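Novice: Take a look at upload12.cif, mmCIF, C-alpha atoms:
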```cif
data_work
#
loop_
_atom_site.label_atom_id
_atom_site.label_comp_id
_atom_site.auth_asym_id
_atom_site.auth_seq_id
_atom_site.Cartn_x
_atom_site.Cartn_y
_atom_site.Cartn_z
CA MET A 100 0.00 0.00 0.00
CA LYS A 101 2.82 2.42 0.71
CA THR A 102 4.03 2.14 -2.88
CA LYS A 103 0.61 3.16 -4.22
CA LYS A 104 0.49 6.23 -1.97
CA ALA A 105 4.03 7.15 -2.94
CA GLY A 106 3.11 6.63 -6.60
CA LEU A 107 0.06 8.85 -6.27
CA LEU A 108 2.02 11.48 -4.37
CA THR A 109 4.74 11.38 -7.04
CA LYS A 110 2.12 11.82 -9.77
CA ILE A 111 0.63 14.82 -7.96
CA VAL A 112 4.06 16.41 -7.51
CA VAL A 113 4.94 15.82 -11.18
CA LEU A 114 1.57 17.23 -12.28
CA ALA A 115 2.09 20.31 -10.08
CA LEU A 116 5.57 20.81 -11.55
CA LEU A 117 4.20 20.49 -15.09
CA ILE A 118 1.51 23.07 -14.38
CA TYR A 119 4.07 25.42 -12.84
CA MET A 120 6.41 25.01 -15.82
CA SER A 121 3.57 25.63 -18.28
CA ILE A 122 2.56 28.84 -16.52
CA THR A 123 6.18 29.96 -16.39
CA LEU A 124 6.67 29.28 -20.09
CA LEU A 125 3.54 31.24 -20.99
CA ASP A 126 4.76 34.16 -18.91
CA LEU A 127 8.18 34.02 -20.59
CA ARG A 128 6.54 33.94 -24.03
CA SER A 129 4.57 37.06 -23.12
CA GLN A 130 7.73 38.80 -21.91
CA ILE A 131 9.52 37.88 -25.15
CA ARG A 132 6.70 39.34 -27.26
CA THR A 133 6.77 42.54 -25.23
CA ALA A 134 10.55 42.80 -25.57
CA GLU A 135 10.36 42.19 -29.33
CA ALA A 136 7.72 44.90 -29.75
CA GLU A 137 9.86 47.32 -27.73
CA ARG A 138 12.92 46.40 -29.80
CA ASP A 139 11.00 47.03 -33.04
CA ALA A 140 9.78 50.42 -31.79
CA ARG A 141 13.31 51.43 -30.79
CA GLN A 142 14.71 50.28 -34.14
CA GLN A 143 12.12 52.44 -35.90
CA ALA A 144 13.16 55.41 -33.75
CA VAL A 145 16.81 54.75 -34.61
CA ASN A 146 15.99 54.62 -38.33
CA GLU A 147 14.10 57.91 -38.11
CA GLN A 148 16.98 59.53 -36.25
CA LEU A 149 19.46 58.27 -38.86
CA GLN A 150 17.35 59.90 -41.58
CA THR A 151 17.24 63.15 -39.62
CA ASN A 152 21.00 63.01 -39.08
CA ALA A 153 21.60 62.42 -42.79
CA ALA A 154 19.40 65.41 -43.68
CA LEU A 155 21.20 67.62 -41.17
CA SER A 156 24.57 66.43 -42.44
CA GLY A 157 23.52 67.34 -45.97
CA MET A 158 22.47 70.77 -44.78
CA LEU A 159 25.86 71.24 -43.09
CA ASP A 160 27.67 70.15 -46.23
CA HIS A 161 25.83 72.81 -48.25
CA SER A 162 25.81 75.50 -45.57
CA GLY A 163 28.25 77.68 -47.51
CA ASP A 164 26.40 77.29 -50.82
CA PRO A 165 24.93 80.68 -51.84
CA ASP A 166 21.84 79.05 -53.35
CA ALA A 167 21.19 77.11 -50.14
CA LEU A 168 21.62 80.26 -48.04
CA GLU A 169 19.22 82.13 -50.31
CA ASP A 170 16.64 79.36 -49.97
CA ILE A 171 16.92 79.52 -46.18
CA ALA A 172 16.66 83.32 -46.19
CA ARG A 173 13.56 83.21 -48.38
CA ASP A 174 11.74 80.21 -46.92
CA ARG A 175 12.53 80.41 -43.23
CA LEU A 176 13.25 84.09 -42.67
CA GLY A 177 10.90 85.57 -45.27
CA LEU A 178 13.61 87.83 -46.70
CA VAL A 179 13.52 89.23 -50.23
CA LYS A 180 16.03 90.86 -52.53
CA PRO A 181 15.99 94.66 -52.80
CA GLY A 182 13.22 95.79 -55.14
CA GLU A 183 11.59 92.36 -55.17
CA LYS A 184 7.87 91.99 -54.38
CA VAL A 185 6.34 88.92 -52.83
CA PHE A 186 2.78 87.87 -53.58
CA TYR A 187 0.98 85.35 -51.43
CA ASP A 188 -1.69 83.12 -52.92
CA ILE A 189 -4.52 82.99 -50.38
CA GLY A 190 -6.93 81.17 -52.68
CA ASP A 191 -8.20 77.64 -52.20
#
```
Give the structure from this file in structure tokens form.

Specialist:
Amino acid sequence: MKTKKAGLLTKIVVLALLIYMSITLLDLRSQIRTAEAERDARQQAVNEQLQTNAALSGMLDHSGDPDALEDIARDRLGLVKPGEKVFYDIGD
């Protein structure tokens, strides 16, 4: 009779361990998915920053270009050449 009780107790312990391991694995799978999503979001942010850096680097490379300076003066500062008139289209 002792062997049957020990066998039943062993089965219960093994079953409890299997349940615990299953729950742990499901939790780890959830953590992995969360980490992967966070990694993907950070990679996207890195890619966007690399594009911004490349654009800024291009602007620095052409910072002494008279045409580039004129574009900045016109577009960002609203400056015009002497005697020049600016018309704004306020239609549709």

Novice: In Å, how far is it from atom CA of A:Ile171 to atom CA of A:Glu183?

Specialist: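 We find that atom CA of A:Ile171 and atom CA of A:Glu183 lie 16.6 Å from each other.
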
Novice: Separation of atom CA of A:Thr151 and atom CA of A:Glu169, in Å?

Specialist: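 We find that atom CA of A:Thr151 and atom CA of A:Glu169 lie 21.9 Å from each other.
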
Novice: Work out how far atom CA of A:Ser156 is from atom CA of A:Ala144, in Å to one decimal.

Specialist: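 Taking atom CA of A:Ala144 and atom CA of A:Ser156, their separation equals 18.1 Å.
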